[in-house]
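Colleague: Let me give you the structure first, and then I'll get to my questions.
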Amino acid sequence: MKIARPKFLRHPMVDVAIKALGRNRLQTSLTMLGMTVGVATVLAMMAVGAGAQRAIEQQVRAAGLNQITIRAGNWRPKITDSDEAIAHQGDARDSLRHPLDRVKDDVVKAAFHPEDDPMEKHDHPTARQRLGDLEAGLGSAATMTFSDAEAIRKVSGVQYVAGGIHENVRVHAGDSPTAQGKRWFTRMHGTDVMMPSIKRAWTFTSGRFFSEKEQTKAEQVIVLGQIVVDRLFGAGATPVGQQVTVWNQPFTVIGVVTSATWVVQPTAGDDQFDAVYMPYTTTQRLLNLSKLNDITVTATSSGDVSRLSRDITKLLRARHGIGDNDPDDFTIITQATKALTTGGLPPSVARAVAANVAELEKVTLEQLALTMERASRTMTWLLAAVAAVSLLVGGIGIMNITLLSVTERTKEIGLHMAVGARGKDVMRQFLLEAVVISAAGGFLGIILGVIASFGIARSLQWATVVSPLSVLLAFGVATAVGVFFGWYPAKRAARLDPIVALRRE
Amino acid sequence: MIGVHDLAKQYHIGDHVVHALRGVTMSVAPGEFVTIVGPSGSGKSTFMHILGCLDRPTTGRYVLNGRDVSTLPVDELARVRNETIGFVFQGFNLLARTSAVENVELPLLYTRKGVVKADERRDRAMAALEAVGLTDRAEHHPNQLSGGQQQRVAIARALVTNPSLLLADEPTGNLDSATSHEVMQIFGELRSKHGITIVVITHERDIAAYGTRTVDFRDGLIVSDLPTQPFDSVLPRQAGQPIAQGGRS
């Protein structure tokens with residue numbers, strides 16, 4: 001067996017150890033197998049743990065720690081008496097509530113609907129009843145434009161800006177509405193080339209997102225979400241280059257988008273992957289629109305979100321010529337406000353928190369990320385503990401074989417001593433044998449562990465991360481196990497009396 | 001070379017004290033070929049172990065090459081075994097599944113200067129094998145060698161560190177008569193060519209005749225210490241007679 005070895009392993013005693021181990025191949029390889037399994041388990045478990053942690057991190061980031069959405073129109077929750085009381089305790093937060101006393105009279109008049117007259121009797125459900133606890137204010141205002149997006153782009157601390165128009169559409173496979181092909185009713189996002197940079201958890205299974213040029217020219221190109229591809233072309237199809245029809249217009253499919261993390265799986269009805277994407281310019285041209293439904297902004301730093309939303313509010317109010325006492329004609333949504341309003345909190349509490357806690361974005365999301373990280377770290381440790389047990393078993397195996405070897409080779413030890421080996425030489429010899437077994441087993445374990453990690457990633461669709469550090473750690477632990485469990489038998493061998501050892505048969 | 005003075009060794013087996021040696025005094029000059037004879041339990045093996053620095057006397061002094069080794073610490077004793085003494089055993093004690101030359105190399109792993117380099121180890125081992133006439137069997141494993149050949153490998157192993165003292169504990173005990181004489185002739189050559197001091201334990205009177213001097217042990221004491229006639233002028237059978245008489249007196 002000729003293998004190039006690093007210098008510290010070229011010591012002749014290593015040869016002696018390997019030779020000694022070679023004399024009992026079956027025992028040696030079985031012991032090594034124990035070690036291999038142990039190390040492979042450790043490595044695979046660590047890879048799974050680290051993968052989970054990274055996926056969570058990615059997800060938190062992709063969820064938009066630093067994301068701000070400005071939606072055209074302003075919907076405010078219905079305020080009941082008790083809610084009002086809570087909300088008034090804090091500083092006013094325009095995005096969440098607009099006390100009526102601060103809204104100009106004419107706006108109230110403009111917004112006033114005959115149905116709202118409490119004295120009126122109606123034979124049909126009123127808007128209030130139909131809309132539930134949301135009240136229509138300037139909700140349907142279509143005042144946001146592309147130039148607003150351009151202006152926001154210039155605000156300091158802004159990373160990406162993408163305007164968007166959203167419609168529900170029927171997508172039809174084929175280049176005309178009469179062509180033979182499946183149809184699928186889905187969400188259409190007319191958006192900006194920047195979108196993939198904002199949506200960090202996207203990956204393109206085939207093709208690409210549309211280009212700056214296609215956006216400028218308002219070309220009829222379309223990116224399909226994975227679900228749409230599945231429904232129109234069948235699972236696994238790559239429809240890039242084929243035609244689909246939207247609004248009786250032919251579009252060329254240029255890409256297929258799906259989720260990059262296992263935490264989010266494309267499902268029918270979701271907003272990201274059961275959807276189609278085209279340049280917003282194309283949407284504006286075909287639908288003859290100039291408005292934007294929303295503008296998505298990302299901040300360079302997630303801690304900057306609060307300040308940025310204040311600046312954007314100021315900017316848009318100025319641009320839209322809104323007086324000091326008038327409500328916004330847009331709604332700013334950050335992850336914090338979203339988490340609060342959809343996070344299972346009663347709306348009144350959520351509103352009170354939003355109104356009272358400054359820098360809410362920072363607090364909640366950092367805490368959220370921290371909690372998730374802590375959870376995944378716990379899982380990693382749990383997996384590591386399981387793996388450690390298998391290492392322990394491997395170590396006991398090493399101790400067993402080394403003890404056996406000391407007993408079997410007592411006469412040989414006596415001979416070594418007779419020709420000049422000191423106790424420490426004998427000890428080193430047996431320790432070395434234990435370490436050679438564990439290190440060789442560990443090395444094979446690393447190979448097996450890496451293969452297992454990739455296997456897990458492929459077959460179970462779990463993210464696994466094999467870091468160089470974990471490989472180093474696994475190898476180190478394997479060697480340490482060899483030293484630890486080889487120590488006692490080696491010590492026993494070193495203490496043998498040469499005469500007694502020589503007489504042993 | 002060797003000077004032992006009033007050497008005694010006691011073993012404790014339970015409450016029982018066994019007096020293996022009861023005060024042995026003798027000296028061996030460099031280049032002597034001493035054979036030690038005596039019945040089982042006479043203390044000759046214990047004496048040999050002490051000579052070989054594998055054991056220390058309970059009382060008495062052992063001076064080897066002018067140095068008192070009877071009180072040396074164990075690691076120092078290991079060094080003496082490695083540098084000054086070569087051992088040959090009755091059961092050969094070769095490592096199984098290991099080639100002859102690698103067996104011979106073994107002591108070179110434990111020299112005071114650290115492990116001897118592989119090339120040098122091989123050269124010295126081959127030289128030692130040449131001295132016992134086994135160069136052509138260097139790559140054979142012990143199970144491919146005859147008993148005599150195995151013992152010659154063991155002698156080569158004892159020689160590889162160039163010791164000044166060669167100790168053999170019944171080296172012919174497992175060999176047939178013809179091979180025994182071959183092995184003893186090798187000892188004789190080593191003495192005459194290299195001037196190595198040799199001490200051999202044996203049961204067989206004809207083997208003892210190869211020595212220059214025969215020491216008879218009984219009950220932990222030397223009962224006779226007589227010079228033997230040089231082996232090359234005497235037939236082994238004739239050489240046996242005076243020893244037998246001396247032993248019984």
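As shown in the structure tokens, the chain order sets the letters A, B, ...; within each chain, residues go from 1, and ligands are also counted from 1 in the order they appear.
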Counting only C-alpha atoms, which residues of chain B sit at most 8 Å from some atom of chain A, and what is each one's closest atom pair with its distance in Å to one decimal, listed by chain and rising residue number, as JSON lines?
Modeller:
{"residue": "B:His49", "atom": "CA", "partner": "A:Ile499", "partner_atom": "CA", "distance": 7.6}
{"residue": "B:Leu54", "atom": "CA", "partner": "A:Pro498", "partner_atom": "CA", "distance": 6.4}
{"residue": "B:Asp55", "atom": "CA", "partner": "A:Ile499", "partner_atom": "CA", "distance": 7.5}
{"residue": "B:Val74", "atom": "CA", "partner": "A:Arg422", "partner_atom": "CA", "distance": 7.6}
{"residue": "B:Asp75", "atom": "CA", "partner": "A:Arg422", "partner_atom": "CA", "distance": 5.6}
{"residue": "B:Ala78", "atom": "CA", "partner": "A:Gly420", "partner_atom": "CA", "distance": 4.5}
{"residue": "B:Arg79", "atom": "CA", "partner": "A:Gly420", "partner_atom": "CA", "distance": 5.7}
{"residue": "B:Val80", "atom": "CA", "partner": "A:Gly420", "partner_atom": "CA", "distance": 7.4}
{"residue": "B:Arg81", "atom": "CA", "partner": "A:Gly420", "partner_atom": "CA", "distance": 5.1}
{"residue": "B:Asn82", "atom": "CA", "partner": "A:Gly420", "partner_atom": "CA", "distance": 4.0}
{"residue": "B:Glu83", "atom": "CA", "partner": "A:Gly420", "partner_atom": "CA", "distance": 7.7}
{"residue": "B:Gly86", "atom": "CA", "partner": "A:Val419", "partner_atom": "CA", "distance": 7.3}
{"residue": "B:Phe87", "atom": "CA", "partner": "A:Val419", "partner_atom": "CA", "distance": 7.3}
{"residue": "B:Asn93", "atom": "CA", "partner": "A:Leu415", "partner_atom": "CA", "distance": 6.9}
{"residue": "B:Leu95", "atom": "CA", "partner": "A:Glu412", "partner_atom": "CA", "distance": 7.1}
{"residue": "B:Arg97", "atom": "CA", "partner": "A:Arg23", "partner_atom": "CA", "distance": 6.8}
{"residue": "B:Leu106", "atom": "CA", "partner": "A:His416", "partner_atom": "CA", "distance": 7.6}
{"residue": "B:Pro107", "atom": "CA", "partner": "A:Val419", "partner_atom": "CA", "distance": 5.2}
{"residue": "B:Leu109", "atom": "CA", "partner": "A:Met13", "partner_atom": "CA", "distance": 7.7}
{"residue": "B:Tyr110", "atom": "CA", "partner": "A:Ala421", "partner_atom": "CA", "distance": 5.5}
{"residue": "B:Thr111", "atom": "CA", "partner": "A:Gly420", "partner_atom": "CA", "distance": 7.3}
{"residue": "B:Val115", "atom": "CA", "partner": "A:Pro12", "partner_atom": "CA", "distance": 7.2}
{"residue": "B:Lys117", "atom": "CA", "partner": "A:Pro12", "partner_atom": "CA", "distance": 7.9}
{"residue": "B:Ala118", "atom": "CA", "partner": "A:Pro12", "partner_atom": "CA", "distance": 7.5}
{"residue": "B:Ala158", "atom": "CA", "partner": "A:Val419", "partner_atom": "CA", "distance": 7.7}
Colleague: Give me the residues within 7 Å of segment 473-483 of chain A as a list in words, counting only C-alpha atoms and dropping any in the same chain fewer than 6 places off.
Modeller: Val39, Val42, Leu43, Gly395, Ile398, Leu431, Ala434, Val435, Ser438, Ala439, Gly442 and Phe443 of chain A
Colleague: Can you tell me which residues surround Glu139 of chain B at a distance of at most 10 Å, considering only C-alpha atoms, apart from same-chain residues fewer than 5 positions away, and format the answer as number ranges by chain?
Modeller: B: 98-102, 144
Colleague: Using only C-alpha atoms, determine which residues lie at most 8 Å from segment 457-472 of chain A, disregarding the query and same-chain residues fewer than 4 positions distant; provide the list as a list in words.
Modeller: Leu43, Ala44, Met46, Ala47, Val48, Gly49, Ala50, Gly51, Ala52, Ala55, Thr261, Trp262, Ile446, Val450, Ser453 and Gly476 of chain A
Colleague: Got a sec: who's within 8 Å of Glu433 of chain A, counting only C-alpha atoms, leaving out chain neighbours fewer than 4 positions off, as JSON, numbers by chain?
Modeller: {"A": [14, 17, 18, 20, 21, 402, 429, 437]}
Colleague: With C-alpha atoms retained, export the selected residues as a compact mmCIF listing (two decimals), in the first residue's frame.
Modeller:
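File written: result36.txt
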# COMPACT_ATOMS: atom_id res chain seq x y z
CA VAL A 14 3.79 4.83 11.57
CA ALA A 17 1.91 0.61 13.28
CA ILE A 18 0.34 0.15 9.86
CA ALA A 20 1.07 -4.34 12.83
CA LEU A 21 -2.53 -3.44 11.95
CA THR A 402 -6.30 -2.14 21.24
CA GLN A 429 3.46 2.26 19.41
CA ILE A 437 -7.19 3.26 12.99
Colleague: So that I can check the secondary structure, give me every residue of segment 24-244 of chain B assigned helix (DSSP H, G or I) by backbone DSSP, as a short mmCIF file (atom, residue, chain, number, x, y, z; two decimals) with C-alpha atoms, in the first residue's frame.
Modeller:
data_model
loop_
_atom_site.label_atom_id
_atom_site.label_comp_id
_atom_site.auth_asym_id
_atom_site.auth_seq_id
_atom_site.Cartn_x
_atom_site.Cartn_y
_atom_site.Cartn_z
CA LYS B 44 20.39 -19.90 35.47
CA SER B 45 17.53 -18.19 33.61
CA THR B 46 17.18 -15.60 36.37
CA PHE B 47 20.92 -15.05 36.17
CA MET B 48 20.61 -14.61 32.42
CA HIS B 49 17.79 -12.09 32.79
CA ILE B 50 19.88 -10.04 35.16
CA LEU B 51 22.86 -10.26 32.81
CA VAL B 74 14.26 1.05 33.58
CA ASP B 75 14.69 3.40 30.62
CA GLU B 76 18.46 3.26 31.01
CA LEU B 77 18.29 -0.52 31.17
CA ALA B 78 16.38 -0.46 27.89
CA ARG B 79 19.20 1.55 26.39
CA VAL B 80 21.80 -0.93 27.61
CA ARG B 81 19.75 -3.78 26.11
CA ASN B 82 19.60 -1.94 22.84
CA GLU B 83 23.23 -0.88 22.54
CA ALA B 100 13.40 -11.74 7.90
CA VAL B 101 15.10 -8.47 7.12
CA GLU B 102 12.34 -6.48 8.83
CA ASN B 103 12.66 -8.68 11.89
CA VAL B 104 16.37 -7.96 11.96
CA GLU B 105 15.70 -4.23 11.65
CA LEU B 106 13.59 -4.19 14.80
CA PRO B 107 16.24 -3.07 17.37
CA LEU B 108 17.16 -0.18 15.08
CA LEU B 109 13.76 1.35 15.78
CA TYR B 110 14.78 1.91 19.38
CA ALA B 118 14.98 3.25 6.47
CA ASP B 119 17.90 2.91 4.04
CA GLU B 120 20.47 2.59 6.76
CA ARG B 121 18.23 0.14 8.63
CA ARG B 122 18.02 -2.03 5.56
CA ASP B 123 21.78 -1.93 4.96
CA ARG B 124 22.66 -2.82 8.52
CA ALA B 125 20.06 -5.58 8.65
CA MET B 126 21.39 -7.05 5.42
CA ALA B 127 24.92 -6.95 6.81
CA ALA B 128 23.76 -8.80 9.92
CA LEU B 129 21.97 -11.39 7.77
CA GLU B 130 25.14 -11.82 5.78
CA ALA B 131 27.03 -12.57 8.98
CA THR B 135 21.20 -12.96 2.60
CA ASP B 136 19.16 -14.99 0.14
CA ARG B 137 16.30 -15.45 2.64
CA PRO B 142 9.36 -16.82 9.44
CA ASN B 143 6.84 -19.49 8.41
CA GLN B 144 8.77 -19.95 5.17
CA GLY B 147 13.92 -23.67 12.54
CA GLY B 148 17.65 -23.25 12.04
CA GLN B 149 17.13 -20.43 9.60
CA GLN B 150 14.71 -18.74 11.99
CA GLN B 151 17.25 -18.93 14.78
CA ARG B 152 19.87 -17.47 12.46
CA VAL B 153 17.52 -14.58 11.71
CA ALA B 154 17.14 -14.12 15.46
CA ILE B 155 20.92 -14.08 15.84
CA ALA B 156 21.18 -11.50 13.07
CA ARG B 157 18.61 -9.40 14.94
CA ALA B 158 20.74 -9.67 18.09
CA LEU B 159 23.81 -8.57 16.12
CA SER B 177 21.00 -31.91 16.56
CA ALA B 178 22.51 -31.02 13.16
CA THR B 179 20.96 -27.54 13.12
CA SER B 180 22.00 -27.03 16.72
CA HIS B 181 25.60 -27.50 15.76
CA GLU B 182 25.22 -25.09 12.85
CA VAL B 183 23.90 -22.43 15.19
CA MET B 184 26.63 -23.04 17.72
CA GLN B 185 29.23 -22.78 15.00
CA ILE B 186 27.85 -19.36 14.13
CA PHE B 187 28.32 -18.32 17.75
CA GLY B 188 31.88 -19.61 17.61
CA GLU B 189 32.59 -17.62 14.45
CA LEU B 190 31.12 -14.46 15.95
CA ARG B 191 33.46 -14.82 18.89
CA SER B 192 36.55 -15.57 16.86
CA LYS B 193 35.89 -13.08 14.05
CA HIS B 194 34.27 -10.19 15.89
CA ARG B 205 26.30 -31.19 27.17
CA ASP B 206 27.49 -31.34 23.57
CA ILE B 207 26.28 -27.80 22.99
CA ALA B 208 28.04 -26.62 26.11
CA PHE B 231 35.77 -26.39 20.48
CA ASP B 232 37.68 -26.54 17.17
CA SER B 233 40.19 -29.05 18.58
CA PRO B 236 31.55 -32.26 20.99
CA ARG B 237 31.02 -35.72 22.47
CA GLN B 238 34.42 -35.77 24.10
CA ALA B 239 34.00 -32.28 25.39
CA GLY B 240 30.89 -33.31 27.27
CA GLN B 241 32.66 -35.68 29.66
CA PRO B 242 34.57 -33.38 32.02
CA ILE B 243 31.57 -31.08 32.39
CA ALA B 244 29.32 -33.93 33.34
#
Colleague: For Thr84 of chain B, please output as a PyMOL selection string all residues within 7 Å (counting only C-alpha atoms; exclusion window: fewer than 6 positions along the same chain).
Modeller: chain B and resi 163-165
Colleague: Name all residues at most 7 Å from Tyr280 of chain A (count only C-alpha atoms; drop same-chain ones fewer than 4 positions away) and give them as a count of residues only.
Modeller: 6
Colleague: Give the strand (DSSP E or B) residues of segment 104-179 of chain B, as DSSP finds them on the backbone, and put them as a list in words.
Modeller: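 After running DSSP on the backbone, segment 104-179 of chain B has strand (DSSP E or B) at Leu165, Leu166, Leu167, Ala168 and Asp169 of chain B.
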Colleague: Restricting the output to N, CA and C atoms, write the selected residues as a PDB file, in the first residue's frame.
Modeller:
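Contents of the output file again19.pdb:
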ATOM      1  N   LEU B 165      28.025  -7.893  23.845  1.00  0.00           N
ATOM      2  CA  LEU B 165      27.644  -9.085  24.601  1.00  0.00           C
ATOM      3  C   LEU B 165      26.442  -9.755  23.936  1.00  0.00           C
ATOM      4  N   LEU B 166      26.578 -11.051  23.693  1.00  0.00           N
ATOM      5  CA  LEU B 166      25.471 -11.801  23.093  1.00  0.00           C
ATOM      6  C   LEU B 166      24.990 -12.829  24.113  1.00  0.00           C
ATOM      7  N   LEU B 167      23.708 -12.757  24.451  1.00  0.00           N
ATOM      8  CA  LEU B 167      23.151 -13.692  25.421  1.00  0.00           C
ATOM      9  C   LEU B 167      22.173 -14.608  24.707  1.00  0.00           C
ATOM     10  N   ALA B 168      22.287 -15.923  24.963  1.00  0.00           N
ATOM     11  CA  ALA B 168      21.376 -16.848  24.300  1.00  0.00           C
ATOM     12  C   ALA B 168      20.794 -17.790  25.341  1.00  0.00           C
ATOM     13  N   ASP B 169      19.470 -17.804  25.448  1.00  0.00           N
ATOM     14  CA  ASP B 169      18.786 -18.640  26.434  1.00  0.00           C
ATOM     15  C   ASP B 169      18.291 -19.895  25.723  1.00  0.00           C
TER      16      ASP B 169
END
Colleague: So the first atom is atom CA of His320 of chain A and the second is atom CA of His189 of chain A; what is the distance between them in Å, to one decimal place?
Modeller: 24.5 Å
Colleague: Could you state the separation of atom CA of Asp274 of chain A and atom CA of Ile333 of chain A in Å, given to one decimal place?
Modeller: 22.3 Å
Colleague: Atom CA of Thr228 of chain B and atom CA of Val69 of chain B are how many Å apart?
Modeller: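 If I compute the distance from atom CA of Thr228 of chain B to atom CA of Val69 of chain B, I get 28.6 Å.
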